[in-house]
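Below: one structure, written as C-alpha cells.
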Amino acid sequence: MLSGIRRYLIRKTFVYVLTFFSAVTIDWLIPRLMPGNPISIMMSRFASLPEASKYMYSYFMESFGLDKPLWVQYINFWKAVLHGDLGISTYMYPKPVADIIKDALPYDIAILLPAITLSWIVGNWLGAIAGKNKKLDSFLMPVFYFLTASPYFWFAIVLAYILGAKLDLLPISGAYSYGIMPSLSLEFIVDFLKHWILPFLSLFLVMLGGWAIGMRNMIIYEVEADYVRYLEALGASEKTLMKHAFRNAILPQVTGLALQLGTMVAGALTTEIVFSYPGIGYILMQGILNQDYFLIQGCFLVIVISVLVANFIIDLLYAVIDPRVRFSFTEGE
Amino acid sequence: MAMLTVEDLKIYYSTPLGHVKAVDGVSFEVKEGEVFGIAGESGCGKSTLVHSLILRKPPMVHMGGRALFKGKDLMTLSPEESKKIRYTELSIIPQYAMNALNPTKKIKDIVWDLAKEHGYTDREEVEKLLRERLSMVKLSPKVADMYPVELSGGMRQRATMVVSTLLNPDLLIADEVTSALDVTTQRVVIELLHHFMKEGIVKSIIFVTHDLALLDKIADRVMILYAGKVVEIGSTEEVINNPAHPYTRLLINSLPRMGVQYKKQKLKGIPGYPISLLNPPKGCRFYTRCPYALDKCPSEEPKLVKVGNEHYAACHLLGGESQ
Amino acid sequence: MKSEKLRIALKNRKFKVGVAIIVFFALFALIGPLVTPFDQLGYYPVKLHKMLLLKRSTPNLPPMSHDVIYAPGREINVTHYLGTDSFGRDLYAQVVYGLRNSLIVGLIGGGIATFVGLTIGFLAGYRGGWTDEILMMITNIMLVIPTMALLIIIAAYMSTRGVIIESIIIGLTAWPWTARAIRAQTLSLKNREFVHLAKLAGLSDLKIIIGEILPNITSYVFMVFILQFGGAILAAIGLDFIGLGPTRGISLGIILQNAVLWNAINLGYWWWAIPPGLIIALFITGLYFVNIGLEEVFNPRLRRE
C-alpha cells in the first residue's frame with residue numbers, strides 16, 4: 001500500500017504531465033483549427049522585402065509543415081518545442097521568439113515574485129486581523145473587496161495617474177530610464193527600482209485584497225471549529241486560540257495560491273502594458289497588435305509552463321506543511 | 001462533601017424572538033467521589049447546563065442562580081479566574097471528542113500549549129506524563145509525537161480523554177461522549193472513566209447522556225431533565241428500578257430491553273414533541289405528552305417531592321406540596 | 001429561495017448595498033444610452049440625404065464640457081458628460097455602451113460557465129467511478145492552464161470577434177472551479193435519504209438530478225453564478241485591453257486600451273482612463289457584496305451583524 005505522500009505526488013505529477021501535454025497540443029491545434037490563414041497575414045508584413053519574404057515563406061512552410069500529413073506536423077511541433085525552438089518573430093524579424101522571451105522573462109519575475117509572496121503574507125495577516133476584530137472588519141472588508149474587484153491594469157492606471165502623472169513621484173514608463181545602460185552601478189539600480197515600484201505596487205495591492213478576503217472568511221470558520229472550542233473550554237488564551245486557528249486557515253490559502261496563479265500572471269501581463277514594462281505581457285501585446293503569431297504561441301507556451309512549474313512547487317510545499325497529506329490515517333496500515 | 005452545588009440555575013439563550021429558557025431553575029449537588037449522571041432527550045437543556053459551567057458566550061446568558069464549585073461561584077468568576085481553574089480543576093470531554101484535537105498539530109504540542117497557560121514550565125515533565133497516560137489508556141506513547149489525523153476515530157477519542165484529564169481535574173464533565181460510538185467503543189470509554197476515578201486522576205464526574213441504560217453502568221446518582229427542569233433525581237438504582245415520574249417511566253419503558261443498549265433506539269417510544277422553550281407553559285412542562293395529565297397540570301408547576309431515600313420527583317401525581 | 005431566507009437577506013446590510021449597486025449600474029446600462037445623441041463609438045451621427053456622417057467634437061474636453069458640432073446647415077449644441085477622448089469622441093457614450101457589453105458578456109459568459117460547471121460537476125459527483133475520474137482529470141488540467149493564456153491564443157486566431165463570441169469562449173474556459181465545487185456538493189447530497197428514496201422509486205438519473213438534487217443547491221448555484229458573472233466581466237475587460245476584444249463596437253477594455261496607447265495618463269486626461277474601470281470595480285464589488293451577504297444568510301456562522 002502506498003503511503004499518503006507518495007500517492008499524492010504520483011497523482012499530482014500525472015496531472016501535470018497531462019496538462020503539459022494538453023497545453024502543447026492546444027498550442028499546435030488552435031492555429032490549424034481557426035478559419036483564415038495566419039501565414040498570409042504574417043507574409044503581408046514582408047511585402048516590401050522580397051528576400052526576407054522568400055526566406056520566411058519557406059520557413060513557415062517547413063515549420064508549419066503544411067504539405068505534410070497532420071501527425072508528422074504534430075511530431076515536428078513537439079520536436080521543435082522540446083528543442084526550445086519557438087519559431088521566428090515576424091514583428092522583430094529575424095529574432096527567434098525564444099530569445100525575445102528569454103529577455104522579457106526576468107522582468108516578469110522581478111515584479112511577480114515579490115508581488116505574489118508579499119501580498120500573500122500581508123494579505124493573510126490583514127485578513128486574520130479583520131477576521132477576529134469585528135470593528136476593523138466593517139471598514140477593512142469593503143476595501144479588500146474593492147481591491148479584488150478592480151481589474152489589475154485599471155488599478156495600475158489609477159496609481160500611474162496619481163503617483164506618476166499628478167504628483168510626479170515616480171516614473172511610469174519602461175523598466176529604466178532611456179539614457180541609462182543596464183549595469184550593476186548604483187545609479188542604474190536606483191533607477192531600476194524607481195521604475196519597478198509602481199508595477200509592483202499595483203499588483204501587490206490588487207492581490208492583497210483577494211488574500212485578505214480569503215483569510216478573513218477562513219478565520220471566521222476556523223474559530224468556530226471543534227478544536228478551537230475545545231482549547232477554549234480548557235482555558236486557553238485568545239492568543240493560543242488564534243495561533244491554532246491561523247495554522248489551519250493558512251493551509252487553504254496555500255492551495256489558493258496555486259489556483260490563483262493563472263489570474264495573477266494574467267494581471268501582470270496587463271499591468272506591464274500600462275507601464276510599458278518590457279515583460280512577456282508587453283511583448284505579447286506587441287505580438288497581438290502586429291499579428292505575430294509565432295510570438296503569441298511562444299508566449300502562451302511559456303506562460304503555461306511557468307504556471308505549471310510554480311503550481312508543482314506549491315503542491316510540493318503543501319505536502320510538507322499539511323500533515324494530513326503525509327500522515328492521513330488509513331485503516332490497516 | 002459537595003464538589004459542586006448548583007442552586008436554582010437559570011441559563012437562557014437570547015434570540016431575536018425572546019429568551020429561550022434552556023435551563024430554568026435547576027438545583028443539584030455533585031459529591032466528591034461520585035459519578036453524577038444527567039439524562040434527558042436532546043434539547044432538554046443538559047448540554048447547556050454543563051457548558052454553562054465551563055464557559056458562557058453569547059447568545060448564552062446567565063439569568064440567575066449559583067454554581068458553587070469548591071466554594072467559588074462559577075457564574076461570577078472573572079474571565080481570568082475562570083480560565084485558571086478550567087483544565088486544572090474543572091475539565092471537559094466534549095461531545096465531539098473525536099474531532100477535538102487540532103488535526104495539524106502534534107498531540108504533545110497541543111498539550112504543551114494548554115499546560116504552559118496553566119503555569120507549567122517543564123515541558124519534559126508534561127510530555128513524560130502524557131506518554132504515561134497514553135500507555136495507561138492502551139495507546140502507544142509514540143502517539144504523543146503524532147498528528148491526530150494519523151489516528152483512527154477510536155484512538156482520537158482516547159487521546160482526547162487523556163488530554164482532558166492530564167492535569168488531574170477535580171471535576172470532569174463527560175458530555176455525550178458515547179453518543180457517536182459503537183457499543184464496543186462505548187464500553188471502553190466507560191471503563192476508562194471508571195479507571196480515572198479509581199486511580200484518583202479525577203475526583204468526580206458529571207456524565208451527560210440521552211442513554212439511560214448507559215447511566216445504569218456508570219452513574220452513582222442520576223438527574224432526569226425535561227425541557228429545562230429537573231423532573232427526577234436520586235440514586236441510579238432507585239430511579240431506574242423505581243421511577244416515580246411518568247416521564248422517567250416512559251424513558252425506561254422505551255429502552256429496548258433493560259441492560260442491553262441498541263444504538264439510537266432509546267426515546268422513539270414517547271409520542272409527541274417537547275414544548276417550545278421560548279414561551280413554556282406555566283404548569284408542568286411535560287403535560288402535553290403525559291398520559292396521566294391532571295386538570296391542574298397545565299397551570300400549576302409541580303414541585304420536587306421526596307419519594308424515597310434521597311430520591312425526589314416533580315409531579316402532581318405524587319401529591320404533596322412540600323419540597 | 002424560501003421566503004424566510006429572503007426576509008433575512010433583506011435585513012442583511014451587505015446584501016442590500018450589493019443589490020443597490022447592481023441595480024443602479026444595470027439601470028444605467030439600460031437607460032444611459034437613451035440620454036446621449038452620440039453613437040457607441042462616441043461619434044455624432046448626422047444624416048445628410050442618404051449618407052450618414054459621423055461628426056467629432058473638440059478633442060480632450062474635460063467632463064461636463066459644452067461643445068458645438070457643425071453639421072451642414074446647422075450648429076448643434078452638445079454636452080459631454082464625461083468629456084471627449086483625443087479623437088473628439090464622446091466618452092459618456094462609449095462608457096455606457098461599453099458597460100452594456102460588459103453586462104452582456106457577464107450574463108452569457110457567466111451563464112455558460114455556470115451551466116457547464118454544473119453539468120460536469122453533477123455528472124462527476126453523481127455517477128462516480130470512471131465518469132468521475134475522467135471528468136475530474138479534464139477539470140484539473142483546465143484548472144492549471146491559465147484561462148487568460150488560453151483565451152489569448154484562441155482570440156488571437158479569430159479574424160473577427162463579436163461580443164457574443166467573446167462571451168462564449170470566456171464561458172467555455174471558466175467552468176473548472178465550478179465543476180469541482182458542484183461535484184463536492186453533489187457528493188454530500190448523493191447519500192441523503194431522499195435521493196435513495198428517489199432511486200428506489202425508479203426515477204432516472206436526470207430526473208433525480210433535476211428533481212431532487214438541484215433544488216437543494218439552487219442558492220449555492222446562484223452564488224456560483226454571481227462569481228462567474230463577475231469573473232467573465234473581468235476576463236473580458238482584460239482580453240479587450242490587450243487588444244483581443246470585439247473587432248467591431250466598443251467595450252470598457254477597448255476604451256482603456258486606447259487611453260493607455262494614446263498616453264491619456266501622462267497627459268492628465270483622467271476622465272478617459274479612470275471612469276471605465278471604476279464602474280467595473282464598483283459593479284463587481286456590488287456582486288461580491290451580494291455573494292457574501294447571501295453566504296451569511298445561508299451560513300449563520302459567517303454572520304457578523
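Note on naming: chains are A, B, ... as they come in the C-alpha cells, residues start from 1 per chain, ligands start from 1 in the order shown.
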
Kindly provide, as a VMD selection string, the residues of chain B having any atom no farther than 8 Å from an atom of chain A, counting only C-alpha atoms. chain B and resid 54 to 55 82 to 87 91 to 92 94 96 99 to 104 113 to 114 117 147 149 to 152 164

I need the residues from that last selection saved to file as a PDB file, in the first residue's frame (with N, CA and C atoms), if you can.
ATOM      1  N   ILE B  54     -18.717  25.749  32.239  1.00  0.00           N
ATOM      2  CA  ILE B  54     -17.384  25.951  31.681  1.00  0.00           C
ATOM      3  C   ILE B  54     -17.230  27.367  31.129  1.00  0.00           C
ATOM      4  N   LEU B  55     -18.162  27.748  30.269  1.00  0.00           N
ATOM      5  CA  LEU B  55     -17.978  28.995  29.528  1.00  0.00           C
ATOM      6  C   LEU B  55     -19.331  29.480  29.021  1.00  0.00           C
ATOM      7  N   SER B  82     -11.695  32.230  35.846  1.00  0.00           N
ATOM      8  CA  SER B  82     -12.363  31.076  35.258  1.00  0.00           C
ATOM      9  C   SER B  82     -11.387  30.298  34.376  1.00  0.00           C
ATOM     10  N   LYS B  83     -10.601  31.031  33.566  1.00  0.00           N
ATOM     11  CA  LYS B  83      -9.615  30.384  32.707  1.00  0.00           C
ATOM     12  C   LYS B  83      -8.636  29.557  33.532  1.00  0.00           C
ATOM     13  N   LYS B  84      -8.268  30.119  34.696  1.00  0.00           N
ATOM     14  CA  LYS B  84      -7.254  29.472  35.526  1.00  0.00           C
ATOM     15  C   LYS B  84      -7.724  28.123  36.059  1.00  0.00           C
ATOM     16  N   ILE B  85      -8.980  28.061  36.492  1.00  0.00           N
ATOM     17  CA  ILE B  85      -9.426  26.790  37.078  1.00  0.00           C
ATOM     18  C   ILE B  85      -9.852  25.773  36.029  1.00  0.00           C
ATOM     19  N   ARG B  86     -10.202  26.270  34.826  1.00  0.00           N
ATOM     20  CA  ARG B  86     -10.558  25.315  33.774  1.00  0.00           C
ATOM     21  C   ARG B  86      -9.321  24.488  33.429  1.00  0.00           C
ATOM     22  N   TYR B  87      -9.515  23.244  33.146  1.00  0.00           N
ATOM     23  CA  TYR B  87      -8.467  22.294  32.822  1.00  0.00           C
ATOM     24  C   TYR B  87      -7.767  21.772  34.069  1.00  0.00           C
ATOM     25  N   SER B  91     -12.623  20.136  34.156  1.00  0.00           N
ATOM     26  CA  SER B  91     -12.297  19.847  32.754  1.00  0.00           C
ATOM     27  C   SER B  91     -13.476  19.180  32.060  1.00  0.00           C
ATOM     28  N   ILE B  92     -13.357  19.066  30.760  1.00  0.00           N
ATOM     29  CA  ILE B  92     -14.482  18.524  29.991  1.00  0.00           C
ATOM     30  C   ILE B  92     -13.975  17.604  28.881  1.00  0.00           C
ATOM     31  N   PRO B  94     -15.524  16.731  25.460  1.00  0.00           N
ATOM     32  CA  PRO B  94     -16.693  17.216  24.716  1.00  0.00           C
ATOM     33  C   PRO B  94     -17.348  16.107  23.897  1.00  0.00           C
ATOM     34  N   TYR B  96     -17.827  16.152  20.850  1.00  0.00           N
ATOM     35  CA  TYR B  96     -17.111  15.965  19.586  1.00  0.00           C
ATOM     36  C   TYR B  96     -15.680  15.485  19.851  1.00  0.00           C
ATOM     37  N   ASN B  99     -13.041  14.892  17.242  1.00  0.00           N
ATOM     38  CA  ASN B  99     -12.515  16.000  16.431  1.00  0.00           C
ATOM     39  C   ASN B  99     -12.017  17.141  17.295  1.00  0.00           C
ATOM     40  N   ALA B 100     -11.786  16.862  18.564  1.00  0.00           N
ATOM     41  CA  ALA B 100     -11.450  17.950  19.474  1.00  0.00           C
ATOM     42  C   ALA B 100      -9.988  18.369  19.366  1.00  0.00           C
ATOM     43  N   LEU B 101      -9.170  17.502  18.770  1.00  0.00           N
ATOM     44  CA  LEU B 101      -7.744  17.830  18.706  1.00  0.00           C
ATOM     45  C   LEU B 101      -7.412  18.407  17.336  1.00  0.00           C
ATOM     46  N   ASN B 102      -6.736  19.540  17.346  1.00  0.00           N
ATOM     47  CA  ASN B 102      -6.347  20.201  16.104  1.00  0.00           C
ATOM     48  C   ASN B 102      -5.608  19.212  15.190  1.00  0.00           C
ATOM     49  N   PRO B 103      -6.174  18.945  13.995  1.00  0.00           N
ATOM     50  CA  PRO B 103      -5.601  17.898  13.144  1.00  0.00           C
ATOM     51  C   PRO B 103      -4.180  18.187  12.675  1.00  0.00           C
ATOM     52  N   THR B 104      -3.776  19.450  12.684  1.00  0.00           N
ATOM     53  CA  THR B 104      -2.472  19.763  12.108  1.00  0.00           C
ATOM     54  C   THR B 104      -1.404  20.082  13.158  1.00  0.00           C
ATOM     55  N   ASP B 113       0.784  23.546  24.652  1.00  0.00           N
ATOM     56  CA  ASP B 113       0.130  24.855  24.536  1.00  0.00           C
ATOM     57  C   ASP B 113      -0.842  25.080  25.688  1.00  0.00           C
ATOM     58  N   LEU B 114      -1.550  24.012  26.064  1.00  0.00           N
ATOM     59  CA  LEU B 114      -2.520  24.143  27.161  1.00  0.00           C
ATOM     60  C   LEU B 114      -1.826  24.212  28.515  1.00  0.00           C
ATOM     61  N   GLU B 117      -0.111  27.459  29.618  1.00  0.00           N
ATOM     62  CA  GLU B 117      -1.018  28.536  30.015  1.00  0.00           C
ATOM     63  C   GLU B 117      -1.545  28.336  31.422  1.00  0.00           C
ATOM     64  N   TYR B 147       0.321  13.308  14.716  1.00  0.00           N
ATOM     65  CA  TYR B 147      -0.773  14.231  14.452  1.00  0.00           C
ATOM     66  C   TYR B 147      -2.088  13.479  14.617  1.00  0.00           C
ATOM     67  N   VAL B 149      -4.538  13.321  12.807  1.00  0.00           N
ATOM     68  CA  VAL B 149      -5.004  12.687  11.563  1.00  0.00           C
ATOM     69  C   VAL B 149      -4.419  11.300  11.371  1.00  0.00           C
ATOM     70  N   GLU B 150      -3.330  10.993  12.100  1.00  0.00           N
ATOM     71  CA  GLU B 150      -2.724   9.681  11.931  1.00  0.00           C
ATOM     72  C   GLU B 150      -3.460   8.603  12.716  1.00  0.00           C
ATOM     73  N   LEU B 151      -4.405   9.034  13.551  1.00  0.00           N
ATOM     74  CA  LEU B 151      -5.083   8.086  14.440  1.00  0.00           C
ATOM     75  C   LEU B 151      -6.482   7.772  13.918  1.00  0.00           C
ATOM     76  N   SER B 152      -6.967   6.596  14.300  1.00  0.00           N
ATOM     77  CA  SER B 152      -8.341   6.247  13.964  1.00  0.00           C
ATOM     78  C   SER B 152      -9.274   7.006  14.899  1.00  0.00           C
ATOM     79  N   SER B 164      -7.803  15.679  28.194  1.00  0.00           N
ATOM     80  CA  SER B 164      -8.739  16.368  29.089  1.00  0.00           C
ATOM     81  C   SER B 164      -8.418  16.132  30.558  1.00  0.00           C
TER      82      SER B 164
END

Chain A near chain C within 6 Å: what's each residue's closest atom pair and its distance in Å to one decimal, counting only C-alpha atoms, ordered by chain then ascending residue number, as a tab-separated table?
residue	atom	partner	partner_atom	distance
A:Thr19	CA	C:Ile141	CA	5.0
A:Tyr145	CA	C:Thr285	CA	5.8
A:Phe146	CA	C:Thr285	CA	5.4
A:Ala149	CA	C:Ala281	CA	5.0
A:Ser150	CA	C:Ala281	CA	4.5
A:Trp154	CA	C:Gly277	CA	5.6
A:Tyr161	CA	C:Ile265	CA	5.4
A:Ala165	CA	C:Asn266	CA	5.4
A:Gly262	CA	C:Pro146	CA	4.3
A:Ala266	CA	C:Met148	CA	5.9
A:Met285	CA	C:Ile242	CA	5.6
A:Phe300	CA	C:Ala149	CA	5.6
A:Val304	CA	C:Ile145	CA	5.9

Could you please take those selected residues and save N, CA and C atoms as a PDB file, in the first residue's frame?
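Result saved to selection.pdb:
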ATOM      1  N   THR A  19      -1.230  17.856 -18.282  1.00  0.00           N
ATOM      2  CA  THR A  19      -1.517  19.255 -18.571  1.00  0.00           C
ATOM      3  C   THR A  19      -0.507  19.828 -19.560  1.00  0.00           C
ATOM      4  N   TYR A 145     -12.614  44.069  -0.725  1.00  0.00           N
ATOM      5  CA  TYR A 145     -13.464  43.675  -1.849  1.00  0.00           C
ATOM      6  C   TYR A 145     -13.251  44.593  -3.045  1.00  0.00           C
ATOM      7  N   PHE A 146     -13.118  45.891  -2.773  1.00  0.00           N
ATOM      8  CA  PHE A 146     -12.910  46.814  -3.882  1.00  0.00           C
ATOM      9  C   PHE A 146     -11.587  46.495  -4.584  1.00  0.00           C
ATOM     10  N   ALA A 149     -11.916  43.457  -6.642  1.00  0.00           N
ATOM     11  CA  ALA A 149     -12.865  43.639  -7.755  1.00  0.00           C
ATOM     12  C   ALA A 149     -12.260  44.490  -8.868  1.00  0.00           C
ATOM     13  N   SER A 150     -11.144  45.168  -8.592  1.00  0.00           N
ATOM     14  CA  SER A 150     -10.558  46.050  -9.606  1.00  0.00           C
ATOM     15  C   SER A 150      -9.797  45.245 -10.646  1.00  0.00           C
ATOM     16  N   TRP A 154      -6.422  48.416 -14.535  1.00  0.00           N
ATOM     17  CA  TRP A 154      -7.075  49.675 -14.207  1.00  0.00           C
ATOM     18  C   TRP A 154      -6.490  50.256 -12.921  1.00  0.00           C
ATOM     19  N   TYR A 161      -1.587  57.385 -12.669  1.00  0.00           N
ATOM     20  CA  TYR A 161      -2.114  58.742 -12.803  1.00  0.00           C
ATOM     21  C   TYR A 161      -1.822  59.581 -11.557  1.00  0.00           C
ATOM     22  N   ALA A 165       1.719  60.734 -12.857  1.00  0.00           N
ATOM     23  CA  ALA A 165       1.430  61.939 -13.634  1.00  0.00           C
ATOM     24  C   ALA A 165       1.123  63.151 -12.757  1.00  0.00           C
ATOM     25  N   GLY A 262      -2.688  31.620 -12.207  1.00  0.00           N
ATOM     26  CA  GLY A 262      -3.005  31.988 -13.586  1.00  0.00           C
ATOM     27  C   GLY A 262      -3.566  33.393 -13.682  1.00  0.00           C
ATOM     28  N   ALA A 266      -1.923  36.708 -15.434  1.00  0.00           N
ATOM     29  CA  ALA A 266      -2.679  37.491 -16.413  1.00  0.00           C
ATOM     30  C   ALA A 266      -2.724  38.955 -15.987  1.00  0.00           C
ATOM     31  N   MET A 285       1.427  41.925 -26.209  1.00  0.00           N
ATOM     32  CA  MET A 285       0.535  42.874 -26.859  1.00  0.00           C
ATOM     33  C   MET A 285       1.130  43.354 -28.180  1.00  0.00           C
ATOM     34  N   PHE A 300       2.261  31.993 -25.101  1.00  0.00           N
ATOM     35  CA  PHE A 300       1.286  31.075 -24.497  1.00  0.00           C
ATOM     36  C   PHE A 300       2.006  29.917 -23.811  1.00  0.00           C
ATOM     37  N   VAL A 304       2.116  29.120 -19.792  1.00  0.00           N
ATOM     38  CA  VAL A 304       1.534  27.882 -19.260  1.00  0.00           C
ATOM     39  C   VAL A 304       2.585  27.077 -18.492  1.00  0.00           C
TER      40      VAL A 304
END

Excluding Ile164 of chain C and residues on its chain fewer than 6 positions from it, collect all residues at most 12 Å away from it, counting only C-alpha atoms, and give them as a PyMOL selection string. chain C and resi 101-109+112+170-171+236+245-249

With N, CA and C atoms retained, export the selected residues as a PDB file, in the first residue's frame.
ATOM      1  N   ASN C 101     -22.151  46.193 -22.956  1.00  0.00           N
ATOM      2  CA  ASN C 101     -21.479  44.992 -23.476  1.00  0.00           C
ATOM      3  C   ASN C 101     -20.845  44.174 -22.358  1.00  0.00           C
ATOM      4  N   SER C 102     -20.298  44.864 -21.358  1.00  0.00           N
ATOM      5  CA  SER C 102     -19.716  44.129 -20.221  1.00  0.00           C
ATOM      6  C   SER C 102     -20.774  43.264 -19.550  1.00  0.00           C
ATOM      7  N   LEU C 103     -21.961  43.850 -19.350  1.00  0.00           N
ATOM      8  CA  LEU C 103     -23.018  43.099 -18.682  1.00  0.00           C
ATOM      9  C   LEU C 103     -23.474  41.928 -19.545  1.00  0.00           C
ATOM     10  N   ILE C 104     -23.508  42.145 -20.863  1.00  0.00           N
ATOM     11  CA  ILE C 104     -23.880  41.034 -21.754  1.00  0.00           C
ATOM     12  C   ILE C 104     -22.863  39.903 -21.634  1.00  0.00           C
ATOM     13  N   VAL C 105     -21.568  40.276 -21.670  1.00  0.00           N
ATOM     14  CA  VAL C 105     -20.522  39.255 -21.524  1.00  0.00           C
ATOM     15  C   VAL C 105     -20.680  38.536 -20.180  1.00  0.00           C
ATOM     16  N   GLY C 106     -20.958  39.297 -19.134  1.00  0.00           N
ATOM     17  CA  GLY C 106     -21.117  38.700 -17.812  1.00  0.00           C
ATOM     18  C   GLY C 106     -22.258  37.700 -17.786  1.00  0.00           C
ATOM     19  N   LEU C 107     -23.405  38.105 -18.369  1.00  0.00           N
ATOM     20  CA  LEU C 107     -24.577  37.232 -18.344  1.00  0.00           C
ATOM     21  C   LEU C 107     -24.343  35.971 -19.166  1.00  0.00           C
ATOM     22  N   ILE C 108     -23.878  36.164 -20.409  1.00  0.00           N
ATOM     23  CA  ILE C 108     -23.719  34.993 -21.279  1.00  0.00           C
ATOM     24  C   ILE C 108     -22.523  34.155 -20.835  1.00  0.00           C
ATOM     25  N   GLY C 109     -21.377  34.809 -20.658  1.00  0.00           N
ATOM     26  CA  GLY C 109     -20.168  34.071 -20.275  1.00  0.00           C
ATOM     27  C   GLY C 109     -20.342  33.413 -18.921  1.00  0.00           C
ATOM     28  N   ILE C 112     -22.846  30.519 -19.224  1.00  0.00           N
ATOM     29  CA  ILE C 112     -22.289  29.308 -19.833  1.00  0.00           C
ATOM     30  C   ILE C 112     -21.348  28.611 -18.856  1.00  0.00           C
ATOM     31  N   ILE C 170     -15.155  32.820 -23.298  1.00  0.00           N
ATOM     32  CA  ILE C 170     -14.882  33.022 -21.866  1.00  0.00           C
ATOM     33  C   ILE C 170     -15.641  31.985 -21.043  1.00  0.00           C
ATOM     34  N   GLY C 171     -16.910  31.790 -21.378  1.00  0.00           N
ATOM     35  CA  GLY C 171     -17.728  30.824 -20.643  1.00  0.00           C
ATOM     36  C   GLY C 171     -17.159  29.422 -20.735  1.00  0.00           C
ATOM     37  N   ALA C 236     -13.122  39.519 -19.680  1.00  0.00           N
ATOM     38  CA  ALA C 236     -13.362  40.234 -20.934  1.00  0.00           C
ATOM     39  C   ALA C 236     -12.627  41.566 -20.959  1.00  0.00           C
ATOM     40  N   GLY C 245     -10.281  42.229 -27.966  1.00  0.00           N
ATOM     41  CA  GLY C 245     -11.707  42.427 -27.738  1.00  0.00           C
ATOM     42  C   GLY C 245     -12.478  42.356 -29.050  1.00  0.00           C
ATOM     43  N   PRO C 246     -13.743  42.742 -28.995  1.00  0.00           N
ATOM     44  CA  PRO C 246     -14.570  42.734 -30.204  1.00  0.00           C
ATOM     45  C   PRO C 246     -13.908  43.566 -31.302  1.00  0.00           C
ATOM     46  N   THR C 247     -13.904  43.025 -32.533  1.00  0.00           N
ATOM     47  CA  THR C 247     -13.266  43.770 -33.618  1.00  0.00           C
ATOM     48  C   THR C 247     -14.137  44.934 -34.068  1.00  0.00           C
ATOM     49  N   ARG C 248     -15.457  44.810 -33.852  1.00  0.00           N
ATOM     50  CA  ARG C 248     -16.314  45.956 -34.101  1.00  0.00           C
ATOM     51  C   ARG C 248     -16.940  46.351 -32.774  1.00  0.00           C
ATOM     52  N   GLY C 249     -17.334  47.596 -32.662  1.00  0.00           N
ATOM     53  CA  GLY C 249     -18.025  48.015 -31.444  1.00  0.00           C
ATOM     54  C   GLY C 249     -17.051  48.410 -30.341  1.00  0.00           C
TER      55      GLY C 249
END

Residues of segment 27-167 of chain B in strand (DSSP E or B), written as JSON, numbers by chain: {"B": [27, 28, 29, 30, 31, 35, 36, 37, 38, 39, 60, 61, 62, 63, 64, 65, 66, 67, 68, 69, 72, 73, 86, 90, 91, 92, 93]}

Using C-alpha atoms, can you export the residues from the last selection as a PDB file, in the first residue's frame?
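Here's the written file selection14.pdb:
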ATOM      1  CA  SER B  27     -30.631  22.632  41.525  1.00  0.00           C
ATOM      2  CA  PHE B  28     -28.440  19.649  42.322  1.00  0.00           C
ATOM      3  CA  GLU B  29     -25.263  18.591  44.036  1.00  0.00           C
ATOM      4  CA  VAL B  30     -22.274  16.584  42.870  1.00  0.00           C
ATOM      5  CA  LYS B  31     -20.442  14.867  45.724  1.00  0.00           C
ATOM      6  CA  VAL B  35     -20.299   9.854  39.112  1.00  0.00           C
ATOM      7  CA  PHE B  36     -23.342  12.039  38.641  1.00  0.00           C
ATOM      8  CA  GLY B  37     -25.467  11.249  35.607  1.00  0.00           C
ATOM      9  CA  ILE B  38     -27.652  13.749  33.760  1.00  0.00           C
ATOM     10  CA  ALA B  39     -30.140  12.314  31.295  1.00  0.00           C
ATOM     11  CA  MET B  60     -25.992  32.075  26.215  1.00  0.00           C
ATOM     12  CA  VAL B  61     -26.821  34.241  29.243  1.00  0.00           C
ATOM     13  CA  HIS B  62     -26.857  33.572  32.948  1.00  0.00           C
ATOM     14  CA  MET B  63     -30.219  34.739  34.318  1.00  0.00           C
ATOM     15  CA  GLY B  64     -29.929  33.709  37.942  1.00  0.00           C
ATOM     16  CA  GLY B  65     -28.812  31.115  40.449  1.00  0.00           C
ATOM     17  CA  ARG B  66     -25.419  29.931  41.581  1.00  0.00           C
ATOM     18  CA  ALA B  67     -22.986  27.134  40.810  1.00  0.00           C
ATOM     19  CA  LEU B  68     -20.577  26.730  43.717  1.00  0.00           C
ATOM     20  CA  PHE B  69     -17.519  24.750  42.722  1.00  0.00           C
ATOM     21  CA  LYS B  72     -16.337  29.560  44.262  1.00  0.00           C
ATOM     22  CA  ASP B  73     -19.377  30.626  42.264  1.00  0.00           C
ATOM     23  CA  ARG B  86     -10.558  25.315  33.774  1.00  0.00           C
ATOM     24  CA  LEU B  90     -12.622  21.594  36.084  1.00  0.00           C
ATOM     25  CA  SER B  91     -12.297  19.847  32.754  1.00  0.00           C
ATOM     26  CA  ILE B  92     -14.482  18.524  29.991  1.00  0.00           C
ATOM     27  CA  ILE B  93     -14.515  15.739  27.448  1.00  0.00           C
TER      28      ILE B  93
END

Leaving out Ser235 of chain B and any residue of its chain fewer than 6 positions from it, which residues lie within 9 Å of it when counting only C-alpha atoms, given as number ranges by chain? B: 219-223, 309-311

Applying 8 Å and only C-alpha atoms, which residues near Ala268 of chain A remain after dropping the ones on its own chain fewer than 5 positions away? List them as a VMD selection string. chain A and resid 108 111 to 112 152 203 281

Could you tell me which of C:Leu187, C:Val116, C:Ala9, C:Leu99 comes closest to Gly128 of chain C if we count only C-alpha atoms?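 Of all the options, C:Leu187 lies closest to Gly128 of chain C.
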
Segment 98-304 of chain C: which residues are helix (DSSP H, G or I) by DSSP, as a PyMOL selection string? chain C and resi 98-127+129-144+147-156+163-173+176-190+193-200+205-244+252-261+264-267+270-273+275-298+300-302
